[in-house]
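Colleague: I have a structure here, written as structure tokens, and I will follow up with some questions on it.
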Amino acid sequence: AGLLQCALLLLCCRTVSPSNLTGIVGESALLPCLDTNVGKQANNDIRVYWQVDKRLIHSFHMGREDHTSGLGTRARLFTAEFKHGNFSLLLTDLRVSDAATYTCLVQLKHPTGGYSVVLRVPVTLQVAVSFPQENPKEMV
């Protein structure tokens, strides 16, 4: 248990450099949250939270994904990939209002019973509107 506690202290509050991505209205965007070191320690006592401005928008805790937040079923985690360090969020049917800075927080349980944040990943999503391009041949 001492080795695990030491490893948790080393990982505590690791913040990954922010990433920026652009999505198109009506399409999907994959918000990355990756860390293989944390994945190696992932177990049933893991918590994954996605937030916008400290407001919870999607989560996984107590062994279940919570779809009751503001994004409903448009947001999805890949829970089978947690053991590989993939805590990314798939956001479908993008809306202009989805543009924001999202933060992925991963917590692991201490042997003593409490949880601590071991990974923090900020992702800025911009959402653009796609306009159909006219075919010049049709314009004649």
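Residue numbering restarts at 1 in every chain; chains get A, B, ... in the order shown in the structure tokens, and ligands count up from 1 in that same order.
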From a DSSP pass on the backbone, collect the residues of range 1-114 of chain A flagged as alpha helix (DSSP H) and hand them back as a list in words.
Modeller: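 Answer for range 1-114 of chain A restricted to alpha helix (DSSP H) is Gly2, Leu3, Leu4, Gln5, Cys6, Ala7, Leu8, Leu9, Leu10, Leu11, Thr36, Asn37, Val38, Gly39, Lys40 and Gln41 of chain A.
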Colleague: Could you turn the residues from that selection into a file that holds all heavy atoms, as a tab-separated table (two decimals), in the first residue's frame?
Modeller:
chain	number	residue	atom	x	y	z
A	2	GLY	N	2.04	1.17	0.64
A	2	GLY	CA	2.94	2.32	0.68
A	2	GLY	C	3.39	2.75	-0.70
A	2	GLY	O	3.49	3.94	-0.99
A	3	LEU	N	3.65	1.79	-1.57
A	3	LEU	CA	4.08	2.09	-2.93
A	3	LEU	C	2.95	2.78	-3.69
A	3	LEU	O	3.19	3.75	-4.42
A	3	LEU	CB	4.52	0.81	-3.65
A	3	LEU	CG	5.08	0.98	-5.05
A	3	LEU	CD1	6.30	1.90	-5.03
A	3	LEU	CD2	5.46	-0.36	-5.63
A	4	LEU	N	1.72	2.30	-3.51
A	4	LEU	CA	0.58	2.92	-4.18
A	4	LEU	C	0.39	4.35	-3.69
A	4	LEU	O	0.16	5.25	-4.49
A	4	LEU	CB	-0.69	2.11	-3.95
A	4	LEU	CG	-1.96	2.67	-4.59
A	4	LEU	CD1	-1.80	2.75	-6.10
A	4	LEU	CD2	-3.15	1.81	-4.23
A	5	GLN	N	0.52	4.58	-2.39
A	5	GLN	CA	0.37	5.94	-1.86
A	5	GLN	C	1.44	6.85	-2.43
A	5	GLN	O	1.17	7.99	-2.80
A	5	GLN	CB	0.46	5.93	-0.33
A	5	GLN	CG	-0.78	5.39	0.33
A	5	GLN	CD	-0.63	5.30	1.83
A	5	GLN	OE1	0.47	5.06	2.33
A	5	GLN	NE2	-1.72	5.49	2.55
A	6	CYS	N	2.65	6.34	-2.55
A	6	CYS	CA	3.74	7.12	-3.12
A	6	CYS	C	3.43	7.45	-4.58
A	6	CYS	O	3.63	8.58	-5.02
A	6	CYS	CB	5.05	6.35	-3.00
A	6	CYS	SG	6.48	7.29	-3.56
A	7	ALA	N	2.94	6.47	-5.33
A	7	ALA	CA	2.60	6.70	-6.73
A	7	ALA	C	1.49	7.73	-6.86
A	7	ALA	O	1.53	8.60	-7.73
A	7	ALA	CB	2.19	5.39	-7.39
A	8	LEU	N	0.49	7.67	-5.98
A	8	LEU	CA	-0.59	8.66	-6.02
A	8	LEU	C	-0.08	10.06	-5.72
A	8	LEU	O	-0.51	11.02	-6.34
A	8	LEU	CB	-1.69	8.28	-5.02
A	8	LEU	CG	-2.59	7.11	-5.41
A	8	LEU	CD1	-3.52	6.76	-4.26
A	8	LEU	CD2	-3.38	7.42	-6.65
A	9	LEU	N	0.85	10.17	-4.80
A	9	LEU	CA	1.42	11.48	-4.50
A	9	LEU	C	2.19	12.02	-5.69
A	9	LEU	O	2.16	13.21	-5.97
A	9	LEU	CB	2.33	11.39	-3.27
A	9	LEU	CG	1.61	11.21	-1.93
A	9	LEU	CD1	2.63	10.99	-0.82
A	9	LEU	CD2	0.72	12.40	-1.63
A	10	LEU	N	2.90	11.15	-6.40
A	10	LEU	CA	3.65	11.60	-7.56
A	10	LEU	C	2.73	12.04	-8.68
A	10	LEU	O	3.04	12.96	-9.43
A	10	LEU	CB	4.57	10.48	-8.07
A	10	LEU	CG	5.76	10.14	-7.17
A	10	LEU	CD1	6.49	8.91	-7.72
A	10	LEU	CD2	6.70	11.31	-7.07
A	11	LEU	N	1.57	11.40	-8.81
A	11	LEU	CA	0.63	11.73	-9.87
A	11	LEU	C	-0.29	12.87	-9.51
A	11	LEU	O	-0.92	13.45	-10.36
A	11	LEU	CB	-0.21	10.50	-10.22
A	11	LEU	CG	0.48	9.39	-10.97
A	11	LEU	CD1	-0.44	8.18	-11.08
A	11	LEU	CD2	0.92	9.85	-12.34
A	36	THR	N	-1.61	7.36	-19.75
A	36	THR	CA	-1.45	5.92	-19.56
A	36	THR	C	-1.03	5.57	-18.13
A	36	THR	O	-1.38	4.51	-17.62
A	36	THR	CB	-0.43	5.32	-20.55
A	36	THR	OG1	0.79	6.06	-20.44
A	36	THR	CG2	-0.95	5.40	-21.97
A	37	ASN	N	-0.30	6.46	-17.45
A	37	ASN	CA	0.10	6.18	-16.07
A	37	ASN	C	-1.11	6.09	-15.15
A	37	ASN	O	-1.18	5.22	-14.30
A	37	ASN	CB	1.07	7.25	-15.54
A	37	ASN	CG	2.42	7.15	-16.21
A	37	ASN	OD1	2.87	6.07	-16.57
A	37	ASN	ND2	3.07	8.29	-16.38
A	38	VAL	N	-2.05	7.00	-15.33
A	38	VAL	CA	-3.27	6.96	-14.53
A	38	VAL	C	-4.09	5.73	-14.92
A	38	VAL	O	-4.66	5.05	-14.08
A	38	VAL	CB	-4.10	8.25	-14.69
A	38	VAL	CG1	-5.45	8.13	-14.00
A	38	VAL	CG2	-3.33	9.44	-14.15
A	39	GLY	N	-4.12	5.41	-16.20
A	39	GLY	CA	-4.87	4.26	-16.68
A	39	GLY	C	-4.42	2.96	-16.04
A	39	GLY	O	-5.23	2.09	-15.75
A	40	LYS	N	-3.13	2.83	-15.80
A	40	LYS	CA	-2.60	1.61	-15.18
A	40	LYS	C	-3.16	1.41	-13.78
A	40	LYS	O	-3.19	0.30	-13.26
A	40	LYS	CB	-1.08	1.66	-15.13
A	40	LYS	CG	-0.43	1.54	-16.49
A	40	LYS	CD	1.08	1.72	-16.39
A	40	LYS	CE	1.70	1.78	-17.77
A	40	LYS	NZ	3.12	2.13	-17.72
A	41	GLN	N	-3.57	2.50	-13.14
A	41	GLN	CA	-4.10	2.43	-11.77
A	41	GLN	C	-5.62	2.47	-11.73
A	41	GLN	O	-6.20	2.40	-10.66
A	41	GLN	CB	-3.54	3.59	-10.95
A	41	GLN	CG	-2.05	3.55	-10.83
A	41	GLN	CD	-1.56	4.75	-10.06
A	41	GLN	OE1	-2.09	5.08	-9.02
A	41	GLN	NE2	-0.54	5.41	-10.57
Colleague: Could you make a table, as CSV, of the residues of range 40-70 of chain A that have an atom within 10 Å of an atom of range 107-128 of chain A, each with its nearest atom pair and distance in Å to one decimal, counting only C-alpha atoms, in chain and number order?
Modeller:
residue,atom,partner,partner_atom,distance
A:Gln41,CA,A:Leu108,CA,8.0
A:Ala42,CA,A:Leu108,CA,7.3
A:Asn43,CA,A:Leu108,CA,8.3
A:Asn44,CA,A:Lys109,CA,9.4
A:Asp45,CA,A:Lys109,CA,5.8
A:Ile46,CA,A:Leu108,CA,5.0
A:Arg47,CA,A:Gln107,CA,5.0
A:Val48,CA,A:Gln107,CA,6.4
A:Tyr49,CA,A:Gln107,CA,8.3
A:Trp50,CA,A:Val121,CA,9.4
A:Gln51,CA,A:Pro122,CA,9.4
A:Val52,CA,A:Pro122,CA,9.6
A:His61,CA,A:Gln107,CA,9.5
Colleague: As an exercise, work out the distance from CA of Glu27 in chain A to CA of Ala75 in chain A in Å and give it to one decimal place.
Modeller: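 Value for the CA of Glu27 in chain A-CA of Ala75 in chain A distance: 12.5 Å.
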Colleague: Residues at most 12 Å from Ser59 in chain A, counting only C-alpha atoms, excluding those fewer than 6 positions away in the same chain, as a CSV table (one decimal) with N, CA and C atoms, in the first residue's frame?
Modeller:
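Written output follows (around_18.csv):
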chain,number,residue,atom,x,y,z
A,46,ILE,N,-12.6,4.5,-9.6
A,46,ILE,CA,-12.2,5.7,-10.3
A,46,ILE,C,-13.4,6.7,-10.5
A,47,ARG,N,-13.1,7.9,-10.5
A,47,ARG,CA,-14.1,9.0,-10.8
A,47,ARG,C,-13.6,9.8,-11.9
A,48,VAL,N,-14.4,10.1,-12.9
A,48,VAL,CA,-14.1,10.9,-14.1
A,48,VAL,C,-15.2,12.0,-14.1
A,49,TYR,N,-14.7,13.2,-14.1
A,49,TYR,CA,-15.7,14.4,-14.2
A,49,TYR,C,-15.3,15.3,-15.3
A,50,TRP,N,-16.2,15.7,-16.1
A,50,TRP,CA,-16.0,16.7,-17.1
A,50,TRP,C,-16.8,18.0,-16.7
A,51,GLN,N,-16.1,19.1,-16.7
A,51,GLN,CA,-16.7,20.3,-16.2
A,51,GLN,C,-16.6,21.5,-17.2
A,65,GLU,N,-21.8,5.6,-15.6
A,65,GLU,CA,-21.8,6.9,-16.3
A,65,GLU,C,-23.1,7.7,-16.1
A,66,ASP,N,-23.0,9.0,-15.8
A,66,ASP,CA,-24.1,9.8,-15.5
A,66,ASP,C,-24.5,10.6,-16.7
A,67,HIS,N,-25.7,10.4,-17.2
A,67,HIS,CA,-26.2,11.1,-18.4
A,67,HIS,C,-27.2,12.2,-18.0
A,68,THR,N,-27.3,12.5,-16.7
A,68,THR,CA,-28.4,13.4,-16.3
A,68,THR,C,-27.9,14.8,-16.3
A,69,SER,N,-26.7,15.1,-16.7
A,69,SER,CA,-26.2,16.5,-16.7
A,69,SER,C,-26.7,17.2,-17.9
A,70,GLY,N,-26.3,18.4,-18.1
A,70,GLY,CA,-26.8,19.3,-19.2
A,70,GLY,C,-26.6,18.7,-20.6
A,71,LEU,N,-25.7,17.8,-20.8
A,71,LEU,CA,-25.5,17.3,-22.2
A,71,LEU,C,-26.3,16.1,-22.5
A,72,GLY,N,-26.9,15.4,-21.5
A,72,GLY,CA,-27.7,14.3,-21.7
A,72,GLY,C,-27.0,13.2,-22.4
A,73,THR,N,-27.7,12.5,-23.3
A,73,THR,CA,-27.1,11.4,-24.1
A,73,THR,C,-26.2,11.9,-25.2
A,75,ALA,N,-23.4,13.2,-24.8
A,75,ALA,CA,-22.0,13.0,-24.3
A,75,ALA,C,-21.8,11.5,-23.9
A,76,ARG,N,-20.6,11.0,-24.2
A,76,ARG,CA,-20.3,9.6,-23.9
A,76,ARG,C,-18.8,9.4,-23.6
A,77,LEU,N,-18.6,8.6,-22.5
A,77,LEU,CA,-17.2,8.2,-22.2
A,77,LEU,C,-17.0,6.8,-22.7
A,78,PHE,N,-15.7,6.5,-22.8
A,78,PHE,CA,-15.3,5.1,-23.3
A,78,PHE,C,-14.8,4.4,-22.1
A,79,THR,N,-15.7,3.9,-21.2
A,79,THR,CA,-15.4,3.3,-19.9
A,79,THR,C,-14.5,2.1,-20.1
A,87,PHE,N,-9.7,8.8,-21.0
A,87,PHE,CA,-10.9,9.3,-20.3
A,87,PHE,C,-11.6,10.4,-21.2
A,88,SER,N,-11.4,10.3,-22.5
A,88,SER,CA,-11.9,11.3,-23.4
A,88,SER,C,-13.4,11.3,-23.5
A,89,LEU,N,-14.0,12.4,-23.9
A,89,LEU,CA,-15.4,12.6,-23.9
A,89,LEU,C,-15.8,12.8,-25.4
A,103,THR,N,-13.0,20.9,-18.8
A,103,THR,CA,-11.9,20.3,-18.0
A,103,THR,C,-12.2,18.9,-17.6
A,104,CYS,N,-11.3,18.0,-17.9
A,104,CYS,CA,-11.4,16.6,-17.5
A,104,CYS,C,-10.7,16.5,-16.1
A,105,LEU,N,-11.4,15.9,-15.1
A,105,LEU,CA,-10.8,15.6,-13.8
A,105,LEU,C,-10.9,14.1,-13.6
A,106,VAL,N,-9.8,13.5,-13.2
A,106,VAL,CA,-9.8,12.1,-12.9
A,106,VAL,C,-9.3,12.0,-11.5
A,107,GLN,N,-10.1,11.2,-10.7
A,107,GLN,CA,-9.8,11.0,-9.3
A,107,GLN,C,-9.6,9.5,-9.0
Colleague: Please identify which residues in chain A DSSP calls strand (DSSP E or B) from the backbone, and express them as a PyMOL selection string.
Modeller: chain A and resi 14-15+19-24+29-31+34+47-52+55-61+64-66+75-77+86+89-91+100-109+115-128
Colleague: Would you kindly return, as a PyMOL selection string, each protein, DNA or RNA residue with an atom no farther than 6 Å from any atom of Leu91 in chain A, considering only C-alpha atoms and excluding same-chain residues fewer than 2 positions away?
Modeller: chain A and resi 28-29+74-75
Colleague: Which distance in Å separates CA of His84 in chain A and CA of Tyr102 in chain A, to one decimal?
Modeller: 21.3 Å
Colleague: Could you state the separation of CA of Leu94 in chain A and CA of Pro32 in chain A in Å, given to one decimal place?
Modeller: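 CA of Pro32 in chain A lies 15.9 Å from CA of Leu94 in chain A.
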